[in-house]
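Asks: The file below is coords39.txt, compact mmCIF, C-alpha atoms and all ligand atoms:
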# COMPACT_ATOMS: atom_id res chain seq x y z
CA MET A 1 25.95 10.25 30.24
CA ASP A 2 22.92 10.68 28.02
CA ASP A 3 24.02 14.24 27.32
CA ILE A 4 27.38 13.09 26.04
CA LEU A 5 25.76 10.36 23.99
CA SER A 6 23.31 12.71 22.33
CA ALA A 7 26.03 15.32 21.73
CA ALA A 8 28.25 12.62 20.19
CA GLU A 9 25.39 11.38 18.02
CA GLU A 10 24.76 14.91 16.86
CA ILE A 11 28.32 14.99 15.56
CA LEU A 12 28.74 11.42 14.35
CA GLY A 13 25.24 10.15 13.68
CA PRO A 14 23.63 7.31 15.64
CA ALA A 15 26.00 5.14 17.66
CA VAL A 16 26.51 1.64 16.29
CA ARG A 17 26.13 0.39 19.85
CA VAL A 18 26.28 1.64 23.40
CA GLU A 19 28.26 -0.34 25.95
CA ALA A 20 26.55 1.12 28.98
CA ASN A 21 28.38 -1.06 31.52
CA ARG A 22 31.73 0.26 30.25
CA ASP A 23 30.46 3.80 29.60
CA TRP A 24 31.46 3.66 25.93
CA ALA A 25 29.52 4.43 22.79
CA ILE A 26 30.93 2.91 19.63
CA PHE A 27 30.83 4.63 16.23
CA TRP A 28 32.34 4.22 12.79
CA CYS A 29 35.51 6.32 12.90
CA PRO A 30 35.11 9.64 11.06
CA PHE A 31 38.90 9.96 10.53
CA HIS A 32 39.58 6.88 8.46
CA ASN A 33 37.52 4.75 6.05
CA ASP A 34 36.04 2.70 8.88
CA ALA A 35 32.42 2.63 7.69
CA ASP A 36 33.47 1.58 4.16
CA ARG A 37 34.18 -1.85 5.54
CA ARG A 38 30.68 -2.15 6.94
CA GLY A 39 29.03 -5.21 5.52
CA GLN A 40 32.38 -6.91 4.81
CA GLY A 41 32.97 -8.02 8.35
CA GLY A 42 34.38 -4.61 9.31
CA ARG A 43 33.73 -3.47 12.85
CA PRO A 44 33.44 0.09 14.17
CA ASN A 45 36.64 1.28 15.86
CA PHE A 46 35.75 4.66 17.27
CA GLY A 47 34.79 5.01 20.95
CA VAL A 48 33.42 7.95 22.91
CA HIS A 49 33.59 7.77 26.71
CA LEU A 50 30.10 8.61 27.91
CA VAL A 51 31.17 10.06 31.26
CA LYS A 52 34.39 11.86 30.44
CA GLY A 53 33.72 12.71 26.83
CA TYR A 54 37.14 11.67 25.51
CA TRP A 55 37.36 9.69 22.30
CA LYS A 56 39.73 7.47 20.43
CA CYS A 57 40.00 5.25 17.39
CA LEU A 58 41.54 1.83 17.91
CA ARG A 59 42.54 1.63 14.26
CA CYS A 60 43.95 4.99 13.14
CA GLY A 61 44.84 6.31 16.56
CA ALA A 62 42.84 9.54 16.34
CA THR A 63 42.20 10.71 19.86
CA GLY A 64 41.08 13.72 21.88
CA GLY A 65 39.93 14.83 25.30
CA SER A 66 36.44 16.22 24.67
CA LEU A 67 33.62 16.44 22.20
CA ASN A 68 34.60 20.05 21.60
CA SER A 69 37.99 18.92 20.41
CA LEU A 70 36.28 16.28 18.24
CA ARG A 71 34.13 18.99 16.66
CA LYS A 72 37.18 21.16 16.09
CA LYS A 73 39.26 18.41 14.63
CA LEU A 74 36.52 17.39 12.19
CA GLY A 75 36.21 21.00 11.05
CA GLN A 76 33.28 23.20 10.11
CA GLU A 77 32.63 21.36 6.88
CA TRP A 78 32.02 18.07 8.68
CA ARG A 79 28.55 16.59 8.41
CA PRO A 80 27.56 13.24 9.79
CA PRO A 81 27.20 10.59 7.06
CA VAL A 82 23.93 11.06 5.13
CA SER A 83 22.55 7.69 6.12
CA ALA A 84 23.14 8.59 9.76
CA LEU A 85 21.25 11.87 9.42
CA GLN A 86 18.00 10.08 8.87
CA PRO A 87 16.60 8.78 12.10
CA THR A 88 16.52 5.00 12.01
CA ARG A 89 12.82 4.26 12.13
CA PRO A 90 11.69 0.77 12.81
CA PRO A 91 10.33 -0.73 9.58
CA ARG A 92 6.56 -0.30 9.13
CA PRO A 93 4.84 -3.41 10.48
CA PRO A 94 3.18 -5.28 7.63
CA SER A 95 -0.59 -4.97 7.46
CA GLN A 96 -2.57 -8.11 8.13
CA VAL A 97 -3.57 -8.27 4.48
CA GLU A 98 0.01 -7.67 3.36
CA LEU A 99 1.03 -10.83 5.17
CA LEU A 100 -1.08 -12.61 2.58
CA ASP A 101 1.30 -11.55 -0.19
CA GLU A 102 2.31 -15.12 -0.91
CA ALA A 103 -1.29 -16.23 -1.32
CA VAL A 104 -2.09 -13.24 -3.53
CA SER A 105 0.87 -14.12 -5.77
CA GLU A 106 -0.44 -17.65 -6.01
CA ALA A 107 -3.89 -16.32 -6.94
CA ARG A 108 -2.34 -14.15 -9.66
CA SER A 109 -0.19 -16.90 -11.07
CA VAL A 110 -3.19 -19.10 -11.86
CA VAL A 111 -5.64 -16.46 -13.02
CA GLN A 112 -5.24 -16.95 -16.77
CA ARG A 113 -5.92 -20.65 -16.48
CA SER A 114 -8.81 -20.23 -14.05
CA PRO A 115 -12.58 -19.77 -14.37
CA ALA A 116 -11.98 -16.13 -13.36
CA TRP A 117 -10.40 -15.45 -16.75
CA THR A 118 -13.55 -16.42 -18.65
CA TYR A 119 -15.66 -14.52 -16.15
CA LEU A 120 -13.53 -11.38 -16.51
CA ALA A 121 -13.84 -11.59 -20.29
CA SER A 122 -17.64 -11.95 -19.97
CA ARG A 123 -17.69 -8.79 -17.84
CA GLY A 124 -15.72 -6.94 -20.51
CA VAL A 125 -12.42 -6.80 -18.63
CA SER A 126 -9.45 -7.08 -21.02
CA ALA A 127 -6.33 -9.09 -20.25
CA TYR A 128 -4.41 -5.82 -20.11
CA THR A 129 -6.67 -4.37 -17.44
CA ALA A 130 -6.71 -7.60 -15.44
CA LEU A 131 -2.94 -7.71 -15.38
CA VAL A 132 -2.42 -3.99 -14.63
CA TYR A 133 -4.63 -4.40 -11.56
CA GLY A 134 -3.04 -7.71 -10.63
CA LEU A 135 -6.31 -9.60 -10.51
CA GLY A 136 -6.14 -13.14 -9.23
CA TYR A 137 -8.29 -16.20 -8.79
CA GLY A 138 -9.19 -17.42 -5.33
CA ILE A 139 -7.89 -20.94 -5.05
CA PRO A 140 -10.00 -22.80 -2.43
CA VAL A 141 -6.90 -24.10 -0.63
CA PRO A 142 -3.80 -22.28 -1.88
CA ASN A 143 -0.45 -23.98 -1.62
CA VAL A 144 1.32 -21.57 0.72
CA HIS A 145 3.50 -21.58 3.83
CA ARG A 146 2.10 -22.18 7.27
CA GLU A 147 2.79 -18.51 8.26
CA THR A 148 0.64 -17.34 5.38
CA VAL A 149 -2.17 -19.65 6.42
CA GLU A 150 -1.87 -18.29 9.98
CA ALA A 151 -2.09 -14.71 8.70
CA ALA A 152 -5.09 -15.69 6.60
CA LYS A 153 -6.77 -17.21 9.64
CA GLN A 154 -6.18 -14.05 11.63
CA SER A 155 -7.71 -12.09 8.78
CA MET A 156 -10.78 -14.35 9.01
CA LEU A 157 -10.07 -15.60 5.54
CA VAL A 158 -10.03 -19.31 6.25
CA ARG A 159 -13.03 -21.45 7.09
CA LYS A 160 -12.97 -24.19 9.69
CA ASP A 161 -12.77 -26.82 6.97
CA GLY A 162 -9.59 -25.16 5.65
CA THR A 163 -11.23 -23.65 2.57
CA TRP A 164 -10.38 -20.03 1.98
CA LEU A 165 -13.29 -17.61 1.87
CA TRP A 166 -12.06 -16.21 -1.41
CA ALA A 167 -12.69 -19.57 -3.10
CA GLY A 168 -13.99 -19.23 -6.64
CA GLY A 169 -13.68 -15.46 -6.74
CA VAL A 170 -11.83 -12.74 -8.60
CA ILE A 171 -9.24 -11.35 -6.17
CA TYR A 172 -8.10 -7.76 -6.13
CA ALA A 173 -5.51 -6.54 -3.60
CA ASP A 174 -5.20 -2.77 -3.14
CA PRO A 175 -2.65 -1.40 -3.62
CA PRO A 176 -1.27 -4.29 -5.67
CA THR A 177 2.01 -4.27 -3.72
CA HIS A 178 1.95 -4.12 0.09
CA PRO A 179 -1.84 -4.26 0.02
CA THR A 180 -4.03 -3.12 2.90
CA VAL A 181 -7.34 -4.21 1.40
CA MET A 182 -8.44 -7.34 -0.36
CA ASN A 183 -11.59 -7.57 -2.44
CA VAL A 184 -13.25 -10.72 -3.68
CA ARG A 185 -15.93 -10.80 -6.30
CA TYR A 186 -17.46 -14.27 -6.27
CA LEU A 187 -18.01 -16.01 -9.59
CA PRO A 188 -21.51 -17.41 -10.04
CA GLU A 189 -21.66 -20.98 -8.74
CA GLU A 190 -22.50 -22.43 -12.17
CA GLN A 191 -19.26 -21.05 -13.66
CA LEU A 192 -17.11 -22.99 -11.20
CA PRO A 193 -15.90 -26.58 -11.36
CA LYS A 194 -18.02 -28.70 -9.03
CA GLY A 195 -16.89 -28.63 -5.41
CA THR A 196 -14.81 -25.46 -5.74
CA ARG A 197 -16.80 -23.63 -3.12
CA THR A 198 -17.92 -25.55 -0.05
CA PHE A 199 -20.01 -22.64 1.20
CA LYS A 200 -22.58 -20.18 -0.05
CA PRO A 201 -21.34 -16.58 0.07
CA GLU A 202 -23.73 -14.14 1.76
CA LYS A 203 -23.18 -11.56 -0.96
CA ASN A 204 -21.47 -11.65 -4.33
CA HIS A 205 -18.49 -9.77 -2.94
CA LYS A 206 -16.45 -9.55 0.24
CA THR A 207 -13.68 -7.34 1.60
CA TRP A 208 -10.88 -7.73 4.13
CA GLY A 209 -8.63 -5.05 5.53
CA LEU A 210 -8.86 -1.35 6.25
CA ARG A 211 -10.29 1.00 3.67
CA THR A 212 -8.47 4.23 4.47
CA GLN A 213 -8.39 5.72 0.97
CA PRO A 214 -10.30 5.18 -2.24
CA LEU A 215 -9.26 1.92 -3.83
CA GLY A 216 -7.35 2.36 -7.06
CA SER A 217 -5.83 5.65 -5.87
CA TRP A 218 -2.37 4.12 -6.15
CA ARG A 219 -2.57 5.11 -9.82
CA ILE A 220 -2.77 8.81 -8.97
CA THR A 221 0.36 10.73 -9.96
CA PRO A 222 1.39 14.39 -9.68
CA ALA A 223 0.02 14.80 -13.24
CA THR A 224 -3.48 13.58 -12.29
CA ARG A 225 -6.15 16.24 -12.76
CA THR A 226 -9.42 14.34 -12.91
CA VAL A 227 -10.50 11.60 -10.51
CA ILE A 228 -13.51 9.53 -11.48
CA VAL A 229 -15.16 8.00 -8.40
CA LEU A 230 -17.19 4.81 -8.57
CA GLU A 231 -18.81 2.39 -6.17
CA GLY A 232 -17.59 -1.03 -7.21
CA LEU A 233 -14.62 -3.01 -8.44
CA PHE A 234 -15.98 -3.78 -11.91
CA ASP A 235 -17.05 -0.17 -12.40
CA LEU A 236 -13.45 0.74 -11.63
CA LEU A 237 -11.93 -1.86 -13.97
CA ILE A 238 -14.12 -0.90 -16.92
CA THR A 239 -13.65 2.83 -16.33
CA ALA A 240 -9.87 2.46 -16.03
CA GLN A 241 -9.90 0.40 -19.22
CA LYS A 242 -11.81 3.14 -21.03
CA ILE A 243 -9.38 5.77 -19.74
CA HIS A 244 -6.58 3.63 -21.16
CA GLN A 245 -8.34 3.27 -24.52
CA LEU A 246 -8.82 7.03 -24.66
CA GLY A 247 -5.13 7.55 -23.89
CA ARG A 248 -6.04 9.65 -20.86
CA GLU A 249 -4.09 7.76 -18.20
CA ALA A 250 -1.72 10.69 -17.67
CA ASP A 251 -4.38 13.03 -16.29
CA THR A 252 -7.37 10.87 -15.36
CA VAL A 253 -7.60 8.13 -12.74
CA ALA A 254 -10.55 6.00 -11.64
CA VAL A 255 -11.03 5.06 -7.98
CA TYR A 256 -13.79 3.28 -6.11
CA THR A 257 -15.20 3.44 -2.64
CA ASN A 258 -15.90 -0.27 -2.35
CA GLY A 259 -19.54 -0.06 -1.45
CA ALA A 260 -22.25 2.51 -1.02
CA SER A 261 -21.20 3.72 2.43
CA PRO A 262 -17.51 4.65 2.45
CA SER A 263 -15.58 4.57 5.72
CA ALA A 264 -14.97 7.73 7.73
CA LYS A 265 -11.30 7.61 6.75
CA MET A 266 -12.19 7.47 3.09
CA HIS A 267 -14.42 10.52 3.51
CA ARG A 268 -11.49 12.23 5.14
CA TRP A 269 -9.31 11.39 2.15
CA PHE A 270 -11.78 13.20 -0.10
CA ARG A 271 -11.86 16.20 2.23
CA GLU A 272 -8.08 16.36 2.17
CA HIS A 273 -7.52 16.06 -1.59
CA ALA A 274 -8.77 19.30 -3.06
CA GLN A 275 -6.30 19.33 -5.94
CA TYR A 276 -8.39 17.22 -8.33
CA GLU A 277 -11.61 17.73 -10.17
CA TYR A 278 -13.97 14.93 -9.36
CA VAL A 279 -16.57 13.14 -11.43
CA LEU A 280 -18.86 10.75 -9.58
CA MET A 281 -20.44 8.03 -11.71
CA ARG A 282 -23.28 6.64 -9.72
CA ASP A 283 -25.29 3.47 -9.80
CA PRO A 284 -28.95 3.91 -10.75
CA ASP A 285 -30.32 2.44 -7.50
CA PRO A 286 -31.41 4.48 -4.43
CA ALA A 287 -28.20 3.49 -2.61
CA GLY A 288 -26.34 5.13 -5.48
CA VAL A 289 -28.15 8.41 -4.82
CA GLU A 290 -27.15 8.35 -1.14
CA TRP A 291 -23.61 7.41 -2.07
CA ALA A 292 -23.25 10.30 -4.50
CA LEU A 293 -24.67 12.78 -1.97
CA SER A 294 -22.37 11.74 0.86
CA VAL A 295 -19.19 11.47 -1.25
CA SER A 296 -19.79 14.75 -3.06
CA ALA A 297 -20.45 16.47 0.30
CA SER A 298 -16.98 15.42 1.51
CA ILE A 299 -15.37 16.51 -1.75
CA ARG A 300 -17.11 19.90 -1.62
CA ARG A 301 -15.86 20.44 1.90
CA SER A 302 -12.32 20.19 0.50
CA GLY A 303 -13.17 23.00 -1.89
CA ALA A 304 -12.68 20.85 -4.98
CA SER A 305 -15.14 20.80 -7.84
CA VAL A 306 -17.36 17.75 -8.20
CA ARG A 307 -20.15 16.68 -10.48
CA THR A 308 -22.25 13.56 -10.52
CA VAL A 309 -23.16 11.76 -13.71
CA LEU A 310 -25.81 9.09 -14.08
CA PRO A 311 -25.35 6.49 -16.79
CA PRO A 312 -28.32 6.12 -19.16
CA ASP A 313 -31.04 3.44 -19.24
CA GLN A 314 -30.72 2.43 -15.57
CA LEU A 315 -27.38 0.84 -16.35
CA ASP A 316 -24.51 0.49 -13.90
CA PRO A 317 -21.44 2.50 -14.94
CA ASP A 318 -19.52 -0.54 -16.21
CA GLU A 319 -22.42 -1.76 -18.36
CA ALA A 320 -23.05 1.72 -19.73
CA ILE A 321 -19.40 2.27 -20.64
CA LEU A 322 -19.19 -1.12 -22.33
CA SER A 323 -22.28 -0.24 -24.37
CA GLY A 324 -20.52 2.87 -25.64
CA TRP A 325 -21.56 5.58 -23.17
CA TRP A 326 -19.00 7.99 -21.79
CA PRO A 327 -19.77 11.22 -19.98
CA SER A 328 -19.09 14.38 -21.91
CA GLY A 329 -16.27 16.60 -20.74
CA ILE A 330 -13.91 13.88 -19.55
ZN ZN A 401 40.05 5.84 12.88
Let me see whether you can do it: turn the structure in this file into structure tokens.
Replies:
Amino acid sequence: MDDILSAAEEILGPAVRVEANRDWAIFWCPFHNDADRRGQGGRPNFGVHLVKGYWKCLRCGATGGSLNSLRKKLGQEWRPPVSALQPTRPPRPPSQVELLDEAVSEARSVVQRSPAWTYLASRGVSAYTALVYGLGYGIPVPNVHRETVEAAKQSMLVRKDGTWLWAGGVIYADPPTHPTVMNVRYLPEEQLPKGTRTFKPEKNHKTWGLRTQPLGSWRITPATRTVIVLEGLFDLLITAQKIHQLGREADTVAVYTNGASPSAKMHRWFREHAQYEYVLMRDPDPAGVEWALSVSASIRRSGASVRTVLPPDQLDPDEAILSGWWPSGI
């Protein structure tokens, strides 16, 4: 029975349904325009008997005694419909962070009227850059559906008092559509309206989700030649902004590792992407030295070329770039 089904599917593409109790598999008829009526209330009319192998169409009357005769009748030129050739994979389950799409949209829709906008400007981030990267503002209690709140709770994003842990922060979701990672950079308390944040963040930034590739790498295209690697979100934003100002977006992309110790998967990404030339811009602190050593080791193992540059005057890359520095040769 399974043999006949798989042989029939080889000829006709996947069955629309299998009526196992009646030993029939039902398909769109290949002899008349059956499938054209799909989606307009049309139903498939072509049956293959799963034990005896005979087949018939209830609509146009095509019929035969075996799958061999079906093959013959369809002729050598016959190919199953293109859509049927591709195996029907179940849709990719949404990532936990992706379920927060609605909340991220909300965060984006308010950003220009929020304290984050002033903060971004003070950090040198232009409106253009903020909008390209889809930056948002973390509303303490966003107005979203119950399902979204549930997803946020499962992502450990909601506090017991109902306040979201991204409250009073700049939000960046990576990649901007169907994100797998969410970054929050908290605004300093004194730049927020009183009562915005009912808690004191442990650090000035926080991340949810799985970091499986460098953040920002969604901007890489087949034309990308140089990848500039940084540690933090604002380093990325300012570097990307500079690349834009220089008109180098076609061949140069900035990415960041989101912290000084990238995940094993992110290291693997570097080992597996030998096609770029890499420039690491490191922070001046000791953690930055370690970071540059470990990331460049992974890149070297891929066989790609990599060099590390240190911004002048003990400045972080974003500060240095804003003060006019830019490494030679990029
Ligand atoms: Zn037919």
Asks: Would you mind telling me which residue in A:Glu98, A:Asp36, A:Glu77, A:Glu10 lies nearest to ligand ZN 401 (chain A) when using only C-alpha atoms and all ligand atoms?
Replies: A:Asp36
Asks: For A:Glu190, which residue out of A:Thr148, A:Gly168, A:Ile139, A:Gly41 is the nearest one, using only C-alpha atoms?
Replies: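 Of all the options, A:Gly168 lies closest to A:Glu190.
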Asks: In Å, how far is it from atom CA of A:Val184 to atom CA of A:Val229?
Replies: 19.4 Å
Asks: Put a box with edges along x, y and z around all the listed atoms of stretch 69-77 of chain A, pad it by 6 Å on each side, then give me its centre and sizes in Å, one decimal, as JSON.
Replies:
{"center_x": 35.9, "center_y": 19.7, "center_z": 13.6, "size_x": 18.6, "size_y": 18.9, "size_z": 25.5}
Asks: Which residues are near ligand ZN 401 (chain A) - at most 7 Å, using all atoms listed in the file? Format: as a list of chain:residue names.
Replies: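 The neighbouring residues of ligand ZN 401 (chain A) are, in order, A:Cys29, A:Pro30, A:Phe31, A:His32, A:Asp34, A:Asn45, A:Phe46, A:Cys57, A:Leu58, A:Arg59, A:Cys60, A:Gly61, A:Ala62.
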Asks: The selected residues should be written to file as an mmCIF file, in the coordinates of the input (atoms: C-alpha atoms).
Replies:
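See part_11.cif below for the written result:
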data_model
loop_
_atom_site.group_PDB
_atom_site.id
_atom_site.type_symbol
_atom_site.label_atom_id
_atom_site.label_comp_id
_atom_site.auth_asym_id
_atom_site.auth_seq_id
_atom_site.Cartn_x
_atom_site.Cartn_y
_atom_site.Cartn_z
ATOM 1 C CA CYS A 29 35.510 6.320 12.900
ATOM 2 C CA PRO A 30 35.110 9.640 11.060
ATOM 3 C CA PHE A 31 38.900 9.960 10.530
ATOM 4 C CA HIS A 32 39.580 6.880 8.460
ATOM 5 C CA ASP A 34 36.040 2.700 8.880
ATOM 6 C CA ASN A 45 36.640 1.280 15.860
ATOM 7 C CA PHE A 46 35.750 4.660 17.270
ATOM 8 C CA CYS A 57 40.000 5.250 17.390
ATOM 9 C CA LEU A 58 41.540 1.830 17.910
ATOM 10 C CA ARG A 59 42.540 1.630 14.260
ATOM 11 C CA CYS A 60 43.950 4.990 13.140
ATOM 12 C CA GLY A 61 44.840 6.310 16.560
ATOM 13 C CA ALA A 62 42.840 9.540 16.340
#
Asks: For a test of reading the model, state the distance in Å between atom CA of A:Ala223 and atom CA of A:Thr252, rounded to one decimal.
Replies: 8.6 Å
Asks: Rounded to one decimal in Å, what is the spacing between atom CA of A:Glu319 and atom CA of A:Pro284?
Replies: 11.5 Å
Asks: Can you list, as a PyMOL selection string, every protein, DNA or RNA residue that comes within 10 Å of A:Glu147 when you count all atoms listed in the file, leaving out same-chain residues fewer than 3 positions away?
Replies: chain A and resi 99-100+102+144+150-153
